[in-house]
$ cat query20.cif   # mmCIF, C-alpha atoms (C1' of nucleotides)
data_my_file
loop_
_atom_site.label_atom_id
_atom_site.label_comp_id
_atom_site.auth_asym_id
_atom_site.auth_seq_id
_atom_site.Cartn_x
_atom_site.Cartn_y
_atom_site.Cartn_z
CA MET A 6 199.47 70.47 -67.99
CA PRO A 7 197.40 72.07 -65.35
CA GLU A 8 196.43 70.26 -62.23
CA LEU A 9 195.97 71.80 -58.82
CA PRO A 10 199.62 72.83 -58.25
CA GLU A 11 199.95 74.36 -61.69
CA VAL A 12 196.66 76.23 -61.38
CA GLU A 13 197.64 77.42 -57.91
CA THR A 14 200.94 78.64 -59.32
CA VAL A 15 199.18 80.57 -62.06
CA VAL A 16 196.68 82.04 -59.61
CA ARG A 17 199.43 83.25 -57.29
CA GLY A 18 201.18 84.87 -60.21
CA LEU A 19 198.04 86.60 -61.44
CA ARG A 20 197.21 87.72 -57.94
CA ALA A 21 200.35 89.83 -57.94
CA THR A 22 199.13 91.98 -60.80
CA LEU A 23 195.42 91.64 -61.48
CA PRO A 24 193.54 92.76 -58.37
CA GLY A 25 192.56 96.39 -58.68
CA ARG A 26 192.85 96.44 -62.46
CA ARG A 27 189.86 97.35 -64.57
CA ILE A 28 188.98 95.49 -67.74
CA LEU A 29 188.59 97.92 -70.63
CA ALA A 30 187.81 95.66 -73.52
CA VAL A 31 187.66 92.05 -74.63
CA ARG A 32 188.79 90.58 -77.94
CA LEU A 33 188.31 86.95 -78.85
CA GLY A 34 189.68 84.58 -81.45
CA LYS A 35 188.10 81.15 -81.68
CA THR A 36 185.30 80.85 -79.16
CA ASP A 37 184.19 77.21 -79.25
CA PHE A 38 185.51 76.67 -75.72
CA ILE A 39 183.66 79.65 -74.25
CA ASP A 40 180.18 79.05 -72.86
CA ASP A 41 178.74 82.41 -73.91
CA PRO A 42 181.30 84.41 -75.90
CA ALA A 43 179.02 87.40 -76.45
CA ALA A 44 178.50 87.82 -72.74
CA LEU A 45 182.21 88.45 -72.20
CA GLY A 46 182.25 91.48 -74.45
CA GLU A 47 178.97 92.75 -73.06
CA ARG A 48 179.52 92.31 -69.37
CA LEU A 49 183.23 92.54 -68.63
CA PRO A 50 184.27 95.99 -69.85
CA GLY A 51 184.20 98.49 -67.01
CA ARG A 52 184.51 95.87 -64.31
CA ARG A 53 187.27 95.96 -61.75
CA ILE A 54 189.06 92.78 -60.73
CA ALA A 55 188.49 92.23 -57.03
CA ALA A 56 190.24 88.90 -56.49
CA VAL A 57 191.84 85.89 -58.13
CA GLU A 58 191.22 82.52 -56.55
CA ARG A 59 191.32 78.82 -57.38
CA ILE A 60 188.36 76.46 -57.35
CA GLY A 61 189.81 73.01 -57.97
CA LYS A 62 191.35 73.34 -61.41
CA PHE A 63 189.35 76.47 -62.22
CA ILE A 64 190.75 79.95 -61.92
CA ARG A 65 188.15 82.34 -60.54
CA VAL A 66 188.53 86.02 -61.38
CA GLU A 67 186.13 88.00 -59.23
CA LEU A 68 184.78 91.10 -60.91
CA ALA A 69 183.25 93.88 -58.87
CA PRO A 70 180.04 95.54 -60.08
CA GLU A 71 180.42 97.97 -62.95
CA ASN A 72 179.98 101.14 -60.93
CA GLY A 73 182.62 99.89 -58.55
CA VAL A 74 180.22 99.93 -55.65
CA ALA A 75 178.21 96.93 -54.69
CA HIS A 76 174.47 97.34 -54.57
CA PRO A 77 173.19 97.27 -50.95
CA LEU A 78 171.93 93.75 -51.58
CA PHE A 79 175.52 92.72 -52.00
CA ALA A 80 176.87 94.60 -49.05
CA ALA A 81 178.51 91.45 -47.78
CA GLY A 82 181.09 91.30 -50.48
CA CYS A 83 179.78 89.54 -53.53
CA LYS A 84 177.70 86.97 -51.78
CA TYR A 85 174.07 87.56 -52.46
CA SER A 86 171.71 86.17 -49.88
CA PRO A 87 168.01 86.76 -50.34
CA HIS A 88 166.25 88.59 -47.57
CA PRO A 89 164.47 86.15 -45.23
CA SER A 90 161.13 87.72 -46.09
CA GLN A 91 161.55 86.78 -49.73
CA SER A 92 162.99 83.34 -49.37
CA SER A 93 161.57 82.30 -52.70
CA ALA A 94 163.98 84.63 -54.44
CA HIS A 95 167.10 82.83 -55.48
CA GLU A 96 168.29 85.42 -57.96
CA PRO A 97 168.94 89.08 -57.32
CA PRO A 98 166.05 91.26 -58.54
CA GLU A 99 166.15 92.19 -62.20
CA GLY A 100 168.58 94.96 -62.97
CA VAL A 101 170.43 94.68 -59.70
CA ASP A 102 174.11 94.46 -60.29
CA GLY A 103 176.26 92.05 -58.32
CA CYS A 104 179.70 90.54 -58.64
CA LEU A 105 180.52 88.41 -61.62
CA HIS A 106 182.95 85.56 -61.68
CA LEU A 107 185.04 84.77 -64.72
CA LEU A 108 185.91 81.10 -64.47
CA VAL A 109 188.77 79.75 -66.52
CA HIS A 110 189.69 76.08 -66.85
CA LEU A 111 193.01 75.49 -68.58
CA GLY A 112 192.13 72.05 -69.91
CA MET A 113 195.27 70.34 -71.14
CA THR A 114 197.12 73.18 -72.81
CA GLY A 115 195.60 76.40 -71.53
CA ARG A 116 197.66 79.34 -70.35
CA LEU A 117 196.62 82.59 -68.79
CA ALA A 118 199.16 85.37 -68.48
CA VAL A 119 199.52 89.13 -68.36
CA ARG A 120 201.47 90.55 -71.29
CA GLY A 121 202.42 93.94 -72.60
CA PRO A 122 200.25 95.03 -75.54
CA HIS A 123 203.18 94.95 -77.93
CA GLU A 124 204.60 91.62 -76.89
CA PRO A 125 204.29 89.11 -79.70
CA VAL A 126 201.11 87.09 -79.59
CA VAL A 127 201.90 83.41 -79.38
CA PRO A 128 199.90 81.15 -81.70
CA HIS A 129 196.57 79.82 -80.42
CA THR A 130 195.91 82.86 -78.27
CA HIS A 131 192.14 83.28 -78.36
CA GLY A 132 191.35 85.64 -75.53
CA PHE A 133 192.58 89.19 -74.91
CA PHE A 134 191.38 91.16 -71.92
CA GLU A 135 192.66 94.72 -72.06
CA LEU A 136 193.51 96.17 -68.67
CA ASP A 137 193.57 99.77 -67.48
CA ASP A 138 197.31 99.70 -66.86
CA GLY A 139 198.04 99.14 -70.53
CA ASN A 140 198.72 95.45 -70.25
CA GLU A 141 196.44 92.65 -71.30
CA LEU A 142 195.47 89.32 -69.86
CA ARG A 143 195.84 86.70 -72.59
CA TYR A 144 194.38 83.22 -72.83
CA THR A 145 196.27 80.76 -75.01
CA ASP A 146 195.16 77.19 -75.59
CA ILE A 147 196.52 74.97 -78.35
CA ARG A 148 193.95 72.21 -78.05
CA ARG A 149 191.09 74.32 -76.75
CA PHE A 150 190.09 71.71 -74.19
CA GLY A 151 189.89 74.55 -71.72
CA ARG A 152 186.74 76.38 -70.83
CA ILE A 153 185.75 79.93 -70.01
CA LEU A 154 182.45 80.85 -68.48
CA LEU A 155 180.81 83.66 -66.59
CA VAL A 156 178.92 82.93 -63.40
CA SER A 157 176.84 85.32 -61.31
CA ALA A 158 177.44 85.69 -57.60
CA ALA A 159 174.13 83.95 -57.01
CA ALA A 160 175.05 80.99 -59.18
CA LEU A 161 178.54 80.45 -57.82
CA PRO A 162 177.53 78.23 -54.87
CA GLU A 163 175.63 75.95 -57.20
CA PHE A 164 178.65 75.74 -59.47
CA GLN A 165 180.92 74.86 -56.56
CA SER A 166 178.53 72.31 -55.18
CA ARG A 167 179.08 70.18 -58.24
CA LEU A 168 182.67 69.62 -57.19
CA GLY A 169 184.04 67.71 -54.23
CA ASP A 170 186.19 69.24 -51.52
CA ASP A 171 189.55 70.65 -52.56
CA ALA A 172 192.27 68.00 -52.59
CA LEU A 173 194.53 70.27 -50.58
CA PHE A 174 192.05 70.97 -47.80
CA ILE A 175 189.78 67.94 -47.55
CA SER A 176 189.80 66.34 -44.08
CA VAL A 177 190.66 62.68 -43.62
CA ALA A 178 187.14 62.08 -42.40
CA ALA A 179 185.58 63.66 -45.48
CA PHE A 180 188.02 61.80 -47.70
CA ARG A 181 187.10 58.50 -46.04
CA ARG A 182 183.41 59.26 -46.47
CA GLN A 183 184.01 60.03 -50.11
CA LEU A 184 185.57 56.61 -50.69
CA ALA A 185 183.31 54.59 -48.43
CA GLY A 186 181.36 51.97 -50.29
CA ARG A 187 182.63 53.00 -53.70
CA ARG A 188 183.41 50.03 -55.91
CA ALA A 189 185.29 52.18 -58.37
CA ARG A 190 189.04 51.99 -58.69
CA ILE A 191 190.83 54.46 -56.52
CA LYS A 192 192.56 56.04 -59.50
CA ALA A 193 189.20 56.76 -61.13
CA LEU A 194 187.93 58.42 -57.98
CA LEU A 195 191.02 60.58 -57.57
CA LEU A 196 190.49 61.85 -61.10
CA ASP A 197 186.78 62.43 -60.58
CA GLN A 198 186.36 66.09 -59.63
CA LYS A 199 183.01 65.36 -58.01
CA SER A 200 184.82 63.17 -55.53
CA VAL A 201 187.79 65.38 -54.73
CA ARG A 202 188.66 68.44 -56.76
CA GLY A 203 192.08 69.36 -58.10
CA MET A 204 193.86 66.07 -58.77
CA GLY A 205 194.86 65.07 -62.26
CA ASN A 206 196.82 62.25 -63.80
CA ILE A 207 200.27 63.24 -62.57
CA TYR A 208 199.41 63.88 -58.95
CA ALA A 209 197.06 60.91 -58.72
CA ASP A 210 199.93 58.63 -59.76
CA GLU A 211 202.44 60.39 -57.53
CA SER A 212 200.13 60.22 -54.52
CA LEU A 213 199.33 56.56 -55.05
CA TRP A 214 203.01 55.76 -55.38
CA ARG A 215 203.78 57.58 -52.16
CA ALA A 216 200.94 55.84 -50.35
CA ARG A 217 201.97 52.47 -51.85
CA ILE A 218 198.52 51.82 -53.25
CA HIS A 219 197.92 50.20 -56.65
CA PRO A 220 195.77 52.38 -58.94
CA GLU A 221 193.36 49.52 -59.61
CA ARG A 222 192.49 48.92 -55.98
CA LEU A 223 188.77 49.35 -55.31
CA ALA A 224 188.14 52.29 -53.02
CA SER A 225 185.81 50.25 -50.82
CA ARG A 226 188.58 47.78 -50.11
CA LEU A 227 191.13 50.25 -48.84
CA SER A 228 191.85 49.94 -45.14
CA ALA A 229 191.41 52.93 -42.86
CA GLN A 230 195.17 53.03 -42.61
CA GLU A 231 195.61 53.08 -46.36
CA ILE A 232 193.07 55.85 -46.72
CA ALA A 233 194.89 57.89 -44.10
CA ARG A 234 198.19 57.23 -45.85
CA LEU A 235 196.74 58.28 -49.20
CA HIS A 236 195.24 61.42 -47.72
CA GLN A 237 198.60 62.29 -46.22
CA ALA A 238 200.40 61.50 -49.49
CA ILE A 239 198.09 63.76 -51.46
CA ARG A 240 198.73 66.69 -49.15
CA HIS A 241 202.45 66.12 -49.18
CA VAL A 242 202.73 65.77 -52.95
CA LEU A 243 200.52 68.75 -53.73
CA ARG A 244 202.26 71.02 -51.25
CA ALA A 245 205.71 70.04 -52.48
CA ALA A 246 204.61 70.59 -56.07
CA ILE A 247 203.21 74.03 -55.31
CA LYS A 248 206.49 74.95 -53.64
CA LEU A 249 208.32 74.12 -56.84
CA GLY A 250 205.88 75.95 -59.06
CA GLY A 251 204.19 72.84 -60.42
CA SER A 252 205.39 70.37 -63.03
CA SER A 253 206.52 71.49 -66.47
CA ILE A 254 206.44 68.40 -68.68
CA SER A 255 206.77 70.05 -72.03
CA ASP A 256 205.33 73.49 -71.86
CA PHE A 257 203.70 74.54 -68.63
CA LEU A 258 204.65 78.09 -67.73
CA ASP A 259 203.43 80.20 -64.85
CA ALA A 260 201.89 83.63 -65.16
CA GLU A 261 205.33 85.15 -65.62
CA GLY A 262 206.36 82.60 -68.19
CA LYS A 263 208.60 80.57 -65.91
CA PRO A 264 208.44 76.77 -65.78
CA GLY A 265 207.88 74.74 -62.64
CA SER A 266 210.34 72.10 -61.53
CA TYR A 267 208.34 69.45 -59.72
CA GLN A 268 208.80 67.13 -62.71
CA MET A 269 212.29 66.53 -61.31
CA ARG A 270 210.65 64.97 -58.28
CA HIS A 271 208.28 62.64 -60.08
CA ARG A 272 208.63 59.11 -58.75
CA ALA A 273 206.10 57.32 -60.91
CA TYR A 274 204.52 59.55 -63.55
CA GLY A 275 206.41 59.39 -66.83
CA ARG A 276 208.96 56.94 -65.43
CA GLU A 277 207.92 53.71 -67.12
CA GLY A 278 210.86 51.30 -67.24
CA LYS A 279 212.91 53.31 -64.78
CA LYS A 280 213.82 52.14 -61.33
CA CYS A 281 211.49 52.77 -58.41
CA SER A 282 213.41 55.07 -56.11
CA ARG A 283 212.16 53.12 -53.13
CA CYS A 284 212.79 49.50 -54.10
CA GLY A 285 214.57 49.44 -57.45
CA SER A 286 211.86 47.56 -59.34
CA LEU A 287 210.95 48.89 -62.75
CA ILE A 288 208.04 51.31 -62.89
CA ARG A 289 205.20 50.01 -65.03
CA ARG A 290 202.51 51.73 -67.04
CA ILE A 291 198.98 50.42 -67.48
CA ILE A 292 195.70 52.04 -68.47
CA VAL A 293 193.29 52.67 -65.63
CA ALA A 294 190.15 54.74 -66.01
CA GLY A 295 191.25 55.38 -69.55
CA ARG A 296 194.46 57.11 -68.50
CA SER A 297 198.10 56.09 -68.39
CA SER A 298 198.86 55.01 -64.86
CA HIS A 299 202.37 54.59 -63.55
CA PHE A 300 203.20 52.51 -60.51
CA CYS A 301 205.78 50.30 -58.87
CA PRO A 302 204.73 46.65 -59.12
CA ARG A 303 206.48 45.79 -55.87
CA CYS A 304 205.63 48.78 -53.66
CA GLN A 305 202.08 48.96 -54.98
CA PRO A 306 200.87 45.36 -55.09
CA ARG A 307 198.04 44.40 -57.39
CA PRO A 308 194.65 43.98 -55.81
CA ARG A 309 193.49 40.42 -55.25
CA ARG A 310 190.51 39.85 -57.44
CA ASN A 311 187.54 37.50 -57.26
CA ARG A 312 186.99 38.23 -53.65
CA PRO A 313 183.45 38.42 -52.34
CA ALA A 314 181.83 41.73 -53.04
CA PRO A 315 182.09 44.25 -50.25
CA ARG A 316 179.17 43.78 -47.94
CA HIS A 317 179.01 47.27 -46.57
CA ARG A 318 176.63 49.68 -48.16
CA ARG A 319 177.47 53.22 -48.91
CA ALA A 320 176.42 55.55 -46.12
CA PRO A 321 173.52 57.58 -47.43
CA SER A 322 174.53 61.14 -48.06
CA ARG A 323 172.75 63.78 -46.10
CA GLY A 324 169.44 64.78 -47.57
CA ALA A 325 169.35 61.73 -49.78
CA PRO A 326 166.29 59.53 -49.60
CA ALA A 327 166.62 56.61 -47.23
CA ARG A 328 167.60 53.30 -48.73
CA GLY A 329 164.70 51.52 -50.31
CA ALA A 330 162.65 54.67 -50.11
CA ARG A 331 162.24 55.13 -53.81
CA ARG A 332 158.93 56.92 -54.00
"C1'" DC B 29 176.83 52.01 -59.98
"C1'" DG B 30 180.94 51.44 -62.93
"C1'" DT B 31 183.61 50.79 -67.14
"C1'" DT B 32 185.01 51.59 -71.81
"C1'" DG B 33 185.68 54.05 -75.85
"C1'" DA B 34 184.96 57.95 -78.47
"C1'" DA B 35 184.79 62.78 -79.04
"C1'" DC B 36 186.51 67.49 -78.61
"C1'" DC B 37 191.59 69.72 -81.10
"C1'" DT B 38 196.45 70.35 -82.15
"C1'" DG B 39 201.08 69.11 -81.77
"C1'" DT B 40 204.98 66.02 -80.83
"C1'" DT B 41 207.16 61.67 -80.50
"C1'" DT B 42 207.75 56.96 -81.87
"C1'" DG B 43 207.74 53.02 -84.91
"C1'" DC B 44 208.07 50.69 -89.17
"C1'" DT C 30 212.82 60.06 -95.55
"C1'" DG C 31 207.92 59.53 -94.95
"C1'" DC C 32 203.79 58.46 -93.22
"C1'" DA C 33 200.85 56.53 -89.64
"C1'" DA C 34 200.07 55.52 -85.08
"C1'" DA C 35 200.44 56.56 -80.36
"C1'" DC C 36 200.39 59.79 -76.98
"C1'" DA C 37 199.66 64.23 -74.24
"C1'" DG C 38 198.56 67.74 -67.88
"C1'" DG C 39 191.01 67.18 -69.04
"C1'" DT C 40 186.11 66.53 -69.30
"C1'" DT C 41 181.83 64.65 -71.07
"C1'" DC C 42 178.73 61.48 -73.13
"C1'" DA C 43 176.69 57.27 -75.11
"C1'" DA C 44 176.56 52.49 -74.77
"C1'" DC C 45 176.88 48.45 -72.18
#

$ encode --input "query20.cif" --output "structure tokens"
Amino acid sequence: MPELPEVETVVRGLRATLPGRRILAVRLGKTDFIDDPAALGERLPGRRIAAVERIGKFIRVELAPENGVAHPLFAAGCKYSPHPSQSSAHEPPEGVDGCLHLLVHLGMTGRLAVRGPHEPVVPHTHGFFELDDGNELRYTDIRRFGRILLVSAAALPEFQSRLGDDALFISVAAFRRQLAGRRARIKALLLDQKSVRGMGNIYADESLWRARIHPERLASRLSAQEIARLHQAIRHVLRAAIKLGGSSISDFLDAEGKPGSYQMRHRAYGREGKKCSRCGSLIRRIIVAGRSSHFCPRCQPRPRRNRPAPRHRRAPSRGAPARGARR
DNA sequence: CGTTGAACCTGTTTGC
DNA sequence: TGCAAACAGGTTCAAC
């Protein structure tokens, strides 16, 4: 259920109640989706929640140091930067306490919400974080495709660097660079979080429909105009979805337990056999990149195949070895 | 580089 | 009715 708009919706909801709260205790059910379950119980209690943000589809809960005061090394918020004189140091000195980041990925069926301690526990709730106001933050995940991990302030940049720019904020130029020279299908790249972070199956299909681009088109063959159109479509679709609280297909609920309504605006996703709202043709469903892909066969024409391979090479990324410079 | 299929896990819907 | 297959908002990995 959770793609960028749904995660953003959850984050905004949590932001209304979590910042300032202190975590008193942690209780866990099944832990096979948690990177280091023991660390949660050992390191979270006593910490105060400083912020709730979104990193692609991850929810980032920033936890201030235990004593509530950042060590001088972390004076600049929670960002640790080694002193110039000790540039070899990439980790804070042993024993020095910095911010911690609790990262939560909702997978397909994850939910994160603040509940009263006596509210009934819905099945498949595997994480309970007791707060100092008497409530608790609960993590529920039927399929347990989600993920919870703890990352130090020093390790956060490295974690982020493994993801592309946020789908909501990426510039056209960066988006174009990301697609340049890629022979992969555009749908596959939209789903690849290393390319652009935040898109999932629903919004990839919706954006492609809006931009009138077939999901199987090769990224390298998109015209500059098409790329600009797609970039624009992505922004439009994501913003509209956030405004409506995301899409609730069967069970997505925000932090307060309310469903989103963007599913009413879907033009392609989940509409196989229904009329395209733009041209009246019937929406079709095919499998692309292993996922159901919905599109209008008339508005989003099939790519012509058997054309000569693209002759342009991918621009080398900065810092990468020059072409042909293997060793 | 890219693609495909399977795996992870549980529940719901669809088809015969 | 019943049981099996297909399918589900995500990610990762092996094999080709």

$ interface_residues --input "query20.cif" --of "chain B" --to "chain A" --cutoff "10 Å" --atoms "only C-alpha atoms (C1' of nucleotides)" --output "list in words"
DC29, DG30, DT31, DT32, DG33, DC36, DC37, DT38, DG39 and DT40 of chain B

$ atom_distance --input "query20.cif" --atom1 "atom CA of A:Leu243" --atom2 "atom CA of A:Arg20"
19.7 Å

$ interface_residues --input "query20.cif" --of "chain C" --to "chain A" --cutoff "12 Å" --atoms "all atoms listed in the file" --output "compact mmCIF listing (two decimals) with C-alpha atoms (C1' of nucleotides), in the coordinates of the input"
# COMPACT_ATOMS: atom_id res chain seq x y z
C1' DC C 36 200.39 59.79 -76.98
C1' DA C 37 199.66 64.23 -74.24
C1' DG C 38 198.56 67.74 -67.88
C1' DG C 39 191.01 67.18 -69.04
C1' DT C 40 186.11 66.53 -69.30
C1' DT C 41 181.83 64.65 -71.07

$ atom_distance --input "query20.cif" --atom1 "atom CA of A:Ile232" --atom2 "atom CA of A:Gln165"
24.6 Å

$ residues_around --input "query20.cif" --residues "A:Val242" --least-positions-apart "2" --cutoff "8 Å" --atoms "all atoms listed in the file" --output "ChimeraX atom specification"
/A:208,211-212,238-240,244-246

$ atom_distance --input "query20.cif" --atom1 "atom CA of A:Leu105" --atom2 "atom CA of A:Met204"
26.2 Å

$ resolve_selection --input "query20.cif" --expression "the PyMOL selection byres ((chain C and resi 35) around 9)" --output "ChimeraX atom specification"
/B:41-42 /C:34,36

$ resolve_selection --input "query20.cif" --expression "the PyMOL selection byres ((chain A and resi 66) around 8)" --output "list in words"
Ile54, Ala55, Ala56, Val57, Glu58, Ile64, Arg65, Glu67, Leu68, His106, Leu107 and Leu108 of chain A

$ residues_around --input "query20.cif" --residues "C:DC32" --least-positions-apart "2" --cutoff "12 Å" --atoms "all atoms listed in the file" --output "mmCIF file with C-alpha atoms (C1' of nucleotides), keeping the file's coordinate frame"
data_model
loop_
_atom_site.group_PDB
_atom_site.id
_atom_site.type_symbol
_atom_site.label_atom_id
_atom_site.label_comp_id
_atom_site.auth_asym_id
_atom_site.auth_seq_id
_atom_site.Cartn_x
_atom_site.Cartn_y
_atom_site.Cartn_z
ATOM 1 C "C1'" DG B 43 207.740 53.020 -84.910
ATOM 2 C "C1'" DC B 44 208.070 50.690 -89.170
ATOM 3 C "C1'" DT C 30 212.820 60.060 -95.550
ATOM 4 C "C1'" DA C 34 200.070 55.520 -85.080
#

$ residues_near_point --input "query20.cif" --point "(176.0, 60.3, -78.9)" --cutoff "12 Å" --atoms "all atoms listed in the file" --output "ChimeraX atom specification"
/B:33-35 /C:41-44

$ residues_around --input "query20.cif" --residues "A:Pro306" --least-positions-apart "5" --cutoff "8 Å" --atoms "all atoms listed in the file" --output "PyMOL selection string"
chain A and resi 217-219+301

$ residues_around --input "query20.cif" --residues "A:Leu19" --least-positions-apart "5" --cutoff "9 Å" --atoms "only C-alpha atoms (C1' of nucleotides)" --output "list in words"
Thr14, Pro24, Val57, Leu117, Ala118, Val119, Ala260 and Glu261 of chain A

$ write_last_selection --input "query20.cif" --atoms "C-alpha atoms" --output "PDB file, in the frame of the given file"
ATOM      1  CA  THR A  14     200.940  78.640 -59.320  1.00  0.00           C
ATOM      2  CA  PRO A  24     193.540  92.760 -58.370  1.00  0.00           C
ATOM      3  CA  VAL A  57     191.840  85.890 -58.130  1.00  0.00           C
ATOM      4  CA  LEU A 117     196.620  82.590 -68.790  1.00  0.00           C
ATOM      5  CA  ALA A 118     199.160  85.370 -68.480  1.00  0.00           C
ATOM      6  CA  VAL A 119     199.520  89.130 -68.360  1.00  0.00           C
ATOM      7  CA  ALA A 260     201.890  83.630 -65.160  1.00  0.00           C
ATOM      8  CA  GLU A 261     205.330  85.150 -65.620  1.00  0.00           C
TER       9      GLU A 261
END

$ resolve_selection --input "query20.cif" --expression "the PyMOL selection byres ((chain A and resi 185) around 8)" --output "VMD selection string"
chain A and resid 181 to 184 186 to 187 224 to 225 319 to 320

$ decode --input "query20.cif" --residues "stretch 11-77 of chain A" --atoms "C-alpha atoms" --output "PDB file, in the first residue's frame"
ATOM      1  CA  GLU A  11       1.028   7.191   1.526  1.00  0.00           C
ATOM      2  CA  VAL A  12       4.306   7.384   3.431  1.00  0.00           C
ATOM      3  CA  GLU A  13       4.174  11.175   3.321  1.00  0.00           C
ATOM      4  CA  THR A  14       0.639  11.027   4.699  1.00  0.00           C
ATOM      5  CA  VAL A  15       1.724   8.790   7.548  1.00  0.00           C
ATOM      6  CA  VAL A  16       4.736  10.976   8.301  1.00  0.00           C
ATOM      7  CA  ARG A  17       2.612  14.114   8.471  1.00  0.00           C
ATOM      8  CA  GLY A  18       0.236  12.388  10.829  1.00  0.00           C
ATOM      9  CA  LEU A  19       3.012  11.155  13.093  1.00  0.00           C
ATOM     10  CA  ARG A  20       4.639  14.554  13.049  1.00  0.00           C
ATOM     11  CA  ALA A  21       1.598  15.958  14.802  1.00  0.00           C
ATOM     12  CA  THR A  22       2.133  13.807  17.866  1.00  0.00           C
ATOM     13  CA  LEU A  23       5.580  12.252  18.039  1.00  0.00           C
ATOM     14  CA  PRO A  24       8.137  15.064  18.201  1.00  0.00           C
ATOM     15  CA  GLY A  25       9.048  15.797  21.796  1.00  0.00           C
ATOM     16  CA  ARG A  26       7.879  12.421  23.074  1.00  0.00           C
ATOM     17  CA  ARG A  27      10.301  10.135  24.851  1.00  0.00           C
ATOM     18  CA  ILE A  28      10.407   6.410  24.216  1.00  0.00           C
ATOM     19  CA  LEU A  29      10.134   4.514  27.490  1.00  0.00           C
ATOM     20  CA  ALA A  30      10.200   0.925  26.380  1.00  0.00           C
ATOM     21  CA  VAL A  31      10.072  -1.346  23.361  1.00  0.00           C
ATOM     22  CA  ARG A  32       8.193  -4.618  23.000  1.00  0.00           C
ATOM     23  CA  LEU A  33       8.426  -6.793  19.923  1.00  0.00           C
ATOM     24  CA  GLY A  34       6.472  -9.675  18.456  1.00  0.00           C
ATOM     25  CA  LYS A  35       7.939 -11.396  15.419  1.00  0.00           C
ATOM     26  CA  THR A  36      11.248  -9.814  14.511  1.00  0.00           C
ATOM     27  CA  ASP A  37      12.280 -11.374  11.194  1.00  0.00           C
ATOM     28  CA  PHE A  38      11.816  -8.037   9.419  1.00  0.00           C
ATOM     29  CA  ILE A  39      13.979  -6.098  11.876  1.00  0.00           C
ATOM     30  CA  ASP A  40      17.683  -5.793  11.101  1.00  0.00           C
ATOM     31  CA  ASP A  41      18.852  -5.931  14.716  1.00  0.00           C
ATOM     32  CA  PRO A  42      15.915  -6.511  17.070  1.00  0.00           C
ATOM     33  CA  ALA A  43      18.019  -6.500  20.237  1.00  0.00           C
ATOM     34  CA  ALA A  44      19.395  -3.074  19.438  1.00  0.00           C
ATOM     35  CA  LEU A  45      15.919  -1.549  19.574  1.00  0.00           C
ATOM     36  CA  GLY A  46      15.373  -2.567  23.171  1.00  0.00           C
ATOM     37  CA  GLU A  47      18.893  -1.589  24.140  1.00  0.00           C
ATOM     38  CA  ARG A  48      19.211   1.756  22.469  1.00  0.00           C
ATOM     39  CA  LEU A  49      15.780   3.324  22.160  1.00  0.00           C
ATOM     40  CA  PRO A  50      14.506   3.614  25.736  1.00  0.00           C
ATOM     41  CA  GLY A  51      15.248   7.039  27.147  1.00  0.00           C
ATOM     42  CA  ARG A  52      15.556   8.688  23.764  1.00  0.00           C
ATOM     43  CA  ARG A  53      13.468  11.672  22.800  1.00  0.00           C
ATOM     44  CA  ILE A  54      11.946  11.919  19.336  1.00  0.00           C
ATOM     45  CA  ALA A  55      13.363  14.986  17.632  1.00  0.00           C
ATOM     46  CA  ALA A  56      11.760  14.739  14.197  1.00  0.00           C
ATOM     47  CA  VAL A  57       9.804  12.568  11.789  1.00  0.00           C
ATOM     48  CA  GLU A  58      10.760  12.733   8.141  1.00  0.00           C
ATOM     49  CA  ARG A  59      10.453  10.741   4.932  1.00  0.00           C
ATOM     50  CA  ILE A  60      13.319   9.307   2.919  1.00  0.00           C
ATOM     51  CA  GLY A  61      11.749   7.895  -0.225  1.00  0.00           C
ATOM     52  CA  LYS A  62       9.445   5.196   1.110  1.00  0.00           C
ATOM     53  CA  PHE A  63      11.221   5.075   4.468  1.00  0.00           C
ATOM     54  CA  ILE A  64       9.953   6.843   7.547  1.00  0.00           C
ATOM     55  CA  ARG A  65      12.817   8.345   9.526  1.00  0.00           C
ATOM     56  CA  VAL A  66      12.277   8.912  13.234  1.00  0.00           C
ATOM     57  CA  GLU A  67      15.122  11.023  14.557  1.00  0.00           C
ATOM     58  CA  LEU A  68      16.060  10.240  18.131  1.00  0.00           C
ATOM     59  CA  ALA A  69      18.037  12.711  20.183  1.00  0.00           C
ATOM     60  CA  PRO A  70      20.883  11.459  22.378  1.00  0.00           C
ATOM     61  CA  GLU A  71      19.861   9.748  25.593  1.00  0.00           C
ATOM     62  CA  ASN A  72      20.776  12.571  27.933  1.00  0.00           C
ATOM     63  CA  GLY A  73      18.760  14.908  25.772  1.00  0.00           C
ATOM     64  CA  VAL A  74      21.771  17.041  25.032  1.00  0.00           C
ATOM     65  CA  ALA A  75      23.929  16.453  22.039  1.00  0.00           C
ATOM     66  CA  HIS A  76      27.593  15.874  22.656  1.00  0.00           C
ATOM     67  CA  PRO A  77      29.685  18.883  21.486  1.00  0.00           C
TER      68      PRO A  77
END
